[in-house]
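Participant: Submitted below is the structure of interest, expressed as structure tokens.
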Amino acid sequence: MKLLEDRIRKDGQAESSTVLKVGSFINHQVDSQFMDQLGRDFARHFKEEGITKVFTIESSGIAPAMMTAAHLKVPMVILKKQTSKILDGEVYQTRVMSFTKGTSYELTLFADYINKEDRILLIDDFLANGEAAMGASRLIEEAGATLAGIGILIEKSFQKGRKRLEEAGYKVYSQARVARLDKGLIEFVEEES
Ligand code: G4P
């Protein structure tokens, strides 16, 4: 998607061969109108999938997920990384490893916010190794619902996330696909037209 690629070229910073900083419009300060445009694009891409809810993983996925849900006119559900002490009732949980950050967390979904008829669109900001998305898919499938699509803002195509998700049978749409990073260098995957 040219809109996001152009913005990354303008405001993104390649820190190293693995990390792209986009804190000025996605991860820290959020460009709300730009996010609305990205949300509209996700909604358009997945409009035939019968989506009933948009799911995301806290925290940076929330802004694009909210905009997407608003355009699809469905609720947005936040998968938590920490179990709240006041969250009583049935929960689905699975452990997720973050290789980028070298940490792990217990991804948690309150059972009241999912049912077997749900067709879910998962939205997240980055796709690296696909650990977070695979964790979300485990929770969704445990609840008996369907993961109907995965929308990603920035896919690091040189890491294995997309391959894993596609091999698991999921439809993945990434708005920007980064082929290569290095300090000061950002190259995108050339899409066939
Ligand atoms: P994976 O789920 O695809 O395997 O990704 P991984 O665990 O490696 O990524 C973990 C965290 O690191 C995620 O944020 C993800 O958004 C972030 N991340 C991965 N690659 C990059 C990158 O190149 N640049 C930036 N800025 N972030 C990256 P998180 O822990 O969920 O944090 P949050 O920002 O959503 O709160």
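Convention: chains lettered A, B, ... in structure tokens order; per-chain residue numbering from 1; ligands numbered from 1 as shown.
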Using only C-alpha atoms and all ligand atoms, find each residue of chain A with at least one atom at most 6 Å away from an atom of ligand 1; report its shortest atom-to-atom pair and that distance in Å (one decimal), sort the rows by chain and rising residue number, and return the result as CSV.

Facilitator:
```
residue,atom,partner,partner_atom_place_in_ligand_line,distance
A:Thr18,CA,ligand 1,23 (O),5.8
A:Val19,CA,ligand 1,23 (O),3.5
A:Leu20,CA,ligand 1,23 (O),4.0
A:Lys21,CA,ligand 1,26 (N),4.5
A:Val22,CA,ligand 1,26 (N),5.7
A:Asn27,CA,ligand 1,34 (O),5.8
A:Glu58,CA,ligand 1,35 (O),5.3
A:Ser59,CA,ligand 1,36 (O),4.0
A:Ser60,CA,ligand 1,35 (O),3.8
A:Gly61,CA,ligand 1,35 (O),5.9
A:Ser98,CA,ligand 1,7 (O),3.2
A:Phe99,CA,ligand 1,8 (O),4.5
A:Thr100,CA,ligand 1,8 (O),3.8
A:Lys101,CA,ligand 1,10 (C),5.7
A:Asp125,CA,ligand 1,16 (O),5.7
A:Phe126,CA,ligand 1,16 (O),4.5
A:Leu127,CA,ligand 1,3 (O),4.0
A:Ala128,CA,ligand 1,3 (O),3.4
A:Asn129,CA,ligand 1,4 (O),3.4
A:Gly130,CA,ligand 1,3 (O),3.5
A:Glu131,CA,ligand 1,4 (O),3.7
A:Ala132,CA,ligand 1,2 (O),3.7
A:Gly161,CA,ligand 1,3 (O),5.7
```

Participant: Excluding Tyr92 of chain A and any residue of its chain fewer than 6 positions from it, enumerate the residues within 9 Å of it, using only C-alpha atoms, and give them as a list of chain:residue names.

Facilitator: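 After dropping sequence-adjacent residues, the list is A:Leu107, A:Thr108, A:Leu109, A:Phe110, A:Ala111, A:Leu139, A:Ile140, A:Glu142, A:Ala143.
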
Participant: Write out, as an mmCIF file, in the first residue's frame, the residues just selected, with all heavy atoms.

Facilitator:
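Generated output (selection_0.cif):
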```
data_model
loop_
_atom_site.group_PDB
_atom_site.id
_atom_site.type_symbol
_atom_site.label_atom_id
_atom_site.label_comp_id
_atom_site.auth_asym_id
_atom_site.auth_seq_id
_atom_site.Cartn_x
_atom_site.Cartn_y
_atom_site.Cartn_z
ATOM 1 N N LEU A 107 -1.047 -14.202 26.968
ATOM 2 C CA LEU A 107 -2.082 -13.512 26.179
ATOM 3 C C LEU A 107 -3.447 -13.979 26.673
ATOM 4 O O LEU A 107 -3.691 -15.183 26.792
ATOM 5 C CB LEU A 107 -1.900 -13.858 24.702
ATOM 6 C CG LEU A 107 -2.681 -13.006 23.704
ATOM 7 C CD1 LEU A 107 -2.189 -11.553 23.728
ATOM 8 C CD2 LEU A 107 -2.517 -13.562 22.282
ATOM 9 N N THR A 108 -4.310 -13.000 26.975
ATOM 10 C CA THR A 108 -5.550 -13.317 27.692
ATOM 11 C C THR A 108 -6.779 -12.720 27.012
ATOM 12 O O THR A 108 -6.775 -11.557 26.611
ATOM 13 C CB THR A 108 -5.454 -12.763 29.142
ATOM 14 O OG1 THR A 108 -4.308 -13.346 29.765
ATOM 15 C CG2 THR A 108 -6.696 -13.093 29.954
ATOM 16 N N LEU A 109 -7.812 -13.546 26.899
ATOM 17 C CA LEU A 109 -9.089 -13.119 26.309
ATOM 18 C C LEU A 109 -10.212 -13.530 27.251
ATOM 19 O O LEU A 109 -10.304 -14.699 27.643
ATOM 20 C CB LEU A 109 -9.261 -13.802 24.942
ATOM 21 C CG LEU A 109 -10.648 -13.765 24.304
ATOM 22 C CD1 LEU A 109 -11.065 -12.332 23.955
ATOM 23 C CD2 LEU A 109 -10.667 -14.616 23.031
ATOM 24 N N PHE A 110 -11.062 -12.580 27.604
ATOM 25 C CA PHE A 110 -12.213 -12.845 28.455
ATOM 26 C C PHE A 110 -13.265 -13.558 27.596
ATOM 27 O O PHE A 110 -13.623 -13.078 26.517
ATOM 28 C CB PHE A 110 -12.725 -11.496 28.975
ATOM 29 C CG PHE A 110 -13.692 -11.584 30.123
ATOM 30 C CD1 PHE A 110 -13.586 -12.566 31.098
ATOM 31 C CD2 PHE A 110 -14.715 -10.656 30.239
ATOM 32 C CE1 PHE A 110 -14.482 -12.623 32.153
ATOM 33 C CE2 PHE A 110 -15.616 -10.703 31.286
ATOM 34 C CZ PHE A 110 -15.496 -11.687 32.253
ATOM 35 N N ALA A 111 -13.725 -14.719 28.068
ATOM 36 C CA ALA A 111 -14.591 -15.585 27.246
ATOM 37 C C ALA A 111 -15.909 -14.919 26.842
ATOM 38 O O ALA A 111 -16.505 -15.287 25.824
ATOM 39 C CB ALA A 111 -14.867 -16.885 27.994
ATOM 40 N N LEU A 139 -6.149 -18.790 20.788
ATOM 41 C CA LEU A 139 -7.271 -18.399 21.661
ATOM 42 C C LEU A 139 -8.589 -18.422 20.888
ATOM 43 O O LEU A 139 -9.610 -18.884 21.387
ATOM 44 C CB LEU A 139 -7.043 -16.993 22.235
ATOM 45 C CG LEU A 139 -5.812 -16.800 23.114
ATOM 46 C CD1 LEU A 139 -5.789 -15.379 23.672
ATOM 47 C CD2 LEU A 139 -5.783 -17.798 24.254
ATOM 48 N N ILE A 140 -8.554 -17.893 19.658
ATOM 49 C CA ILE A 140 -9.768 -17.803 18.834
ATOM 50 C C ILE A 140 -10.276 -19.214 18.513
ATOM 51 O O ILE A 140 -11.472 -19.506 18.617
ATOM 52 C CB ILE A 140 -9.479 -16.983 17.555
ATOM 53 C CG1 ILE A 140 -9.240 -15.516 17.937
ATOM 54 C CG2 ILE A 140 -10.610 -17.126 16.527
ATOM 55 C CD1 ILE A 140 -8.571 -14.670 16.852
ATOM 56 N N GLU A 142 -9.590 -21.989 20.210
ATOM 57 C CA GLU A 142 -10.030 -22.650 21.445
ATOM 58 C C GLU A 142 -11.471 -22.258 21.772
ATOM 59 O O GLU A 142 -12.246 -23.069 22.287
ATOM 60 C CB GLU A 142 -9.096 -22.251 22.592
ATOM 61 C CG GLU A 142 -9.219 -23.144 23.806
ATOM 62 C CD GLU A 142 -8.373 -22.649 24.966
ATOM 63 O OE1 GLU A 142 -7.367 -21.946 24.728
ATOM 64 O OE2 GLU A 142 -8.740 -22.954 26.119
ATOM 65 N N ALA A 143 -11.824 -21.033 21.440
ATOM 66 C CA ALA A 143 -13.194 -20.551 21.698
ATOM 67 C C ALA A 143 -14.179 -21.061 20.635
ATOM 68 O O ALA A 143 -15.381 -20.817 20.745
ATOM 69 C CB ALA A 143 -13.196 -19.029 21.741
#
```

Participant: Name the residues in contact with Lys47 of chain A at a cut-off of 12 Å, using only C-alpha atoms, excluding same-chain residues fewer than 5 positions from it; report them as a count of residues only.

Facilitator: 15

Participant: Record the distance separating atom CA of Ala65 of chain A and atom CA of Leu122 of chain A, expressed in Å with one decimal.

Facilitator: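 Going from atom CA of Ala65 of chain A over to atom CA of Leu122 of chain A covers 7.9 Å.
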
Participant: For atom CA of Ser16 of chain A and atom CA of Leu181 of chain A, determine how far apart the two atoms are, in Å to one decimal place.

Facilitator: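 Calculated distance between atom CA of Ser16 of chain A and atom CA of Leu181 of chain A is 6.6 Å.
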
Participant: Nearest to Gly12 of chain A: which of A:Glu187, A:Glu49, A:Glu117, A:Glu167 is it, counting only C-alpha atoms?

Facilitator: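 Once distances to Gly12 of chain A are computed over only C-alpha atoms, the minimum belongs to A:Glu187.
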
Participant: Which residue out of A:Glu166, A:Glu48, A:Glu141, A:Glu15 has the minimum interatomic distance to Asp118 of chain A when only C-alpha atoms are used?

Facilitator: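 For Asp118 of chain A, the nearest of the candidates is A:Glu141.
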
Participant: Using DSSP on the backbone coordinates, identify all residues within segment 153-182 of chain A classified as strand (DSSP E); present the result as a PDB file with N, CA, C and O atoms, in the first residue's frame.

Facilitator:
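New file result-v5.pdb:
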```pdb
ATOM      1  N   LEU A 153      -0.006  -3.740   9.679  1.00  0.00           N
ATOM      2  CA  LEU A 153       0.492  -2.486   9.116  1.00  0.00           C
ATOM      3  C   LEU A 153       1.849  -2.735   8.449  1.00  0.00           C
ATOM      4  O   LEU A 153       2.007  -2.480   7.258  1.00  0.00           O
ATOM      5  N   ILE A 154       2.809  -3.222   9.244  1.00  0.00           N
ATOM      6  CA  ILE A 154       4.172  -3.378   8.708  1.00  0.00           C
ATOM      7  C   ILE A 154       4.652  -4.810   8.900  1.00  0.00           C
ATOM      8  O   ILE A 154       4.823  -5.270  10.033  1.00  0.00           O
ATOM      9  N   GLU A 155       4.824  -5.482   7.776  1.00  0.00           N
ATOM     10  CA  GLU A 155       5.358  -6.855   7.798  1.00  0.00           C
ATOM     11  C   GLU A 155       6.842  -6.794   7.507  1.00  0.00           C
ATOM     12  O   GLU A 155       7.257  -6.173   6.524  1.00  0.00           O
ATOM     13  N   LYS A 156       7.635  -7.437   8.357  1.00  0.00           N
ATOM     14  CA  LYS A 156       9.062  -7.569   8.048  1.00  0.00           C
ATOM     15  C   LYS A 156       9.201  -8.895   7.307  1.00  0.00           C
ATOM     16  O   LYS A 156       9.264  -9.973   7.915  1.00  0.00           O
ATOM     17  N   VAL A 172      -3.487 -13.332   4.986  1.00  0.00           N
ATOM     18  CA  VAL A 172      -2.704 -12.229   5.560  1.00  0.00           C
ATOM     19  C   VAL A 172      -2.635 -11.088   4.556  1.00  0.00           C
ATOM     20  O   VAL A 172      -2.282 -11.292   3.393  1.00  0.00           O
ATOM     21  N   TYR A 173      -2.994  -9.891   5.015  1.00  0.00           N
ATOM     22  CA  TYR A 173      -2.840  -8.690   4.181  1.00  0.00           C
ATOM     23  C   TYR A 173      -1.978  -7.690   4.943  1.00  0.00           C
ATOM     24  O   TYR A 173      -2.352  -7.249   6.030  1.00  0.00           O
ATOM     25  N   SER A 174      -0.822  -7.348   4.392  1.00  0.00           N
ATOM     26  CA  SER A 174       0.060  -6.368   5.033  1.00  0.00           C
ATOM     27  C   SER A 174       0.084  -5.106   4.187  1.00  0.00           C
ATOM     28  O   SER A 174       0.280  -5.169   2.969  1.00  0.00           O
ATOM     29  N   GLN A 175      -0.074  -3.969   4.848  1.00  0.00           N
ATOM     30  CA  GLN A 175      -0.132  -2.703   4.106  1.00  0.00           C
ATOM     31  C   GLN A 175       1.249  -2.256   3.643  1.00  0.00           C
ATOM     32  O   GLN A 175       1.367  -1.580   2.636  1.00  0.00           O
ATOM     33  N   ALA A 176       2.278  -2.618   4.387  1.00  0.00           N
ATOM     34  CA  ALA A 176       3.647  -2.346   3.937  1.00  0.00           C
ATOM     35  C   ALA A 176       4.481  -3.588   4.209  1.00  0.00           C
ATOM     36  O   ALA A 176       4.418  -4.156   5.301  1.00  0.00           O
ATOM     37  N   ARG A 177       5.235  -4.020   3.187  1.00  0.00           N
ATOM     38  CA  ARG A 177       6.058  -5.223   3.329  1.00  0.00           C
ATOM     39  C   ARG A 177       7.520  -4.829   3.179  1.00  0.00           C
ATOM     40  O   ARG A 177       7.959  -4.441   2.086  1.00  0.00           O
ATOM     41  N   VAL A 178       8.256  -4.898   4.279  1.00  0.00           N
ATOM     42  CA  VAL A 178       9.657  -4.483   4.264  1.00  0.00           C
ATOM     43  C   VAL A 178      10.527  -5.682   3.890  1.00  0.00           C
ATOM     44  O   VAL A 178      10.513  -6.710   4.566  1.00  0.00           O
ATOM     45  N   ALA A 179      11.257  -5.536   2.796  1.00  0.00           N
ATOM     46  CA  ALA A 179      12.105  -6.629   2.308  1.00  0.00           C
ATOM     47  C   ALA A 179      13.459  -6.634   3.007  1.00  0.00           C
ATOM     48  O   ALA A 179      14.041  -7.676   3.263  1.00  0.00           O
ATOM     49  N   ARG A 180      13.969  -5.421   3.302  1.00  0.00           N
ATOM     50  CA  ARG A 180      15.320  -5.329   3.867  1.00  0.00           C
ATOM     51  C   ARG A 180      15.457  -4.049   4.674  1.00  0.00           C
ATOM     52  O   ARG A 180      14.936  -2.997   4.276  1.00  0.00           O
ATOM     53  N   LEU A 181      16.134  -4.173   5.787  1.00  0.00           N
ATOM     54  CA  LEU A 181      16.436  -3.015   6.637  1.00  0.00           C
ATOM     55  C   LEU A 181      17.925  -2.985   6.897  1.00  0.00           C
ATOM     56  O   LEU A 181      18.569  -4.028   6.970  1.00  0.00           O
ATOM     57  N   ASP A 182      18.437  -1.797   7.060  1.00  0.00           N
ATOM     58  CA  ASP A 182      19.787  -1.619   7.582  1.00  0.00           C
ATOM     59  C   ASP A 182      19.833  -0.197   8.100  1.00  0.00           C
ATOM     60  O   ASP A 182      18.915   0.578   7.809  1.00  0.00           O
TER      61      ASP A 182
END
```

Participant: Taking only C-alpha atoms into account, which of A:Lys171, A:Arg7, A:Arg95, A:Lys81 comes nearest Phe34 of chain A?

Facilitator: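 Of A:Lys171, A:Arg7, A:Arg95, A:Lys81, the one nearest Phe34 of chain A is A:Arg7, counting only C-alpha atoms.
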
Participant: Mind the document's chain letters and residue numbers, and return as a ChimeraX atom specification the residues of chain A that DSSP labels helix (DSSP H, G or I).

Facilitator: /A:2-11,23-27,32-45,47-49,62-72,111-113,131-142,161-167

Participant: At what distance in Å, to one decimal, does atom CA of Leu38 of chain A lie from atom CA of Phe188 of chain A?

Facilitator: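 Separation of atom CA of Phe188 of chain A and atom CA of Leu38 of chain A: 17.7 Å.
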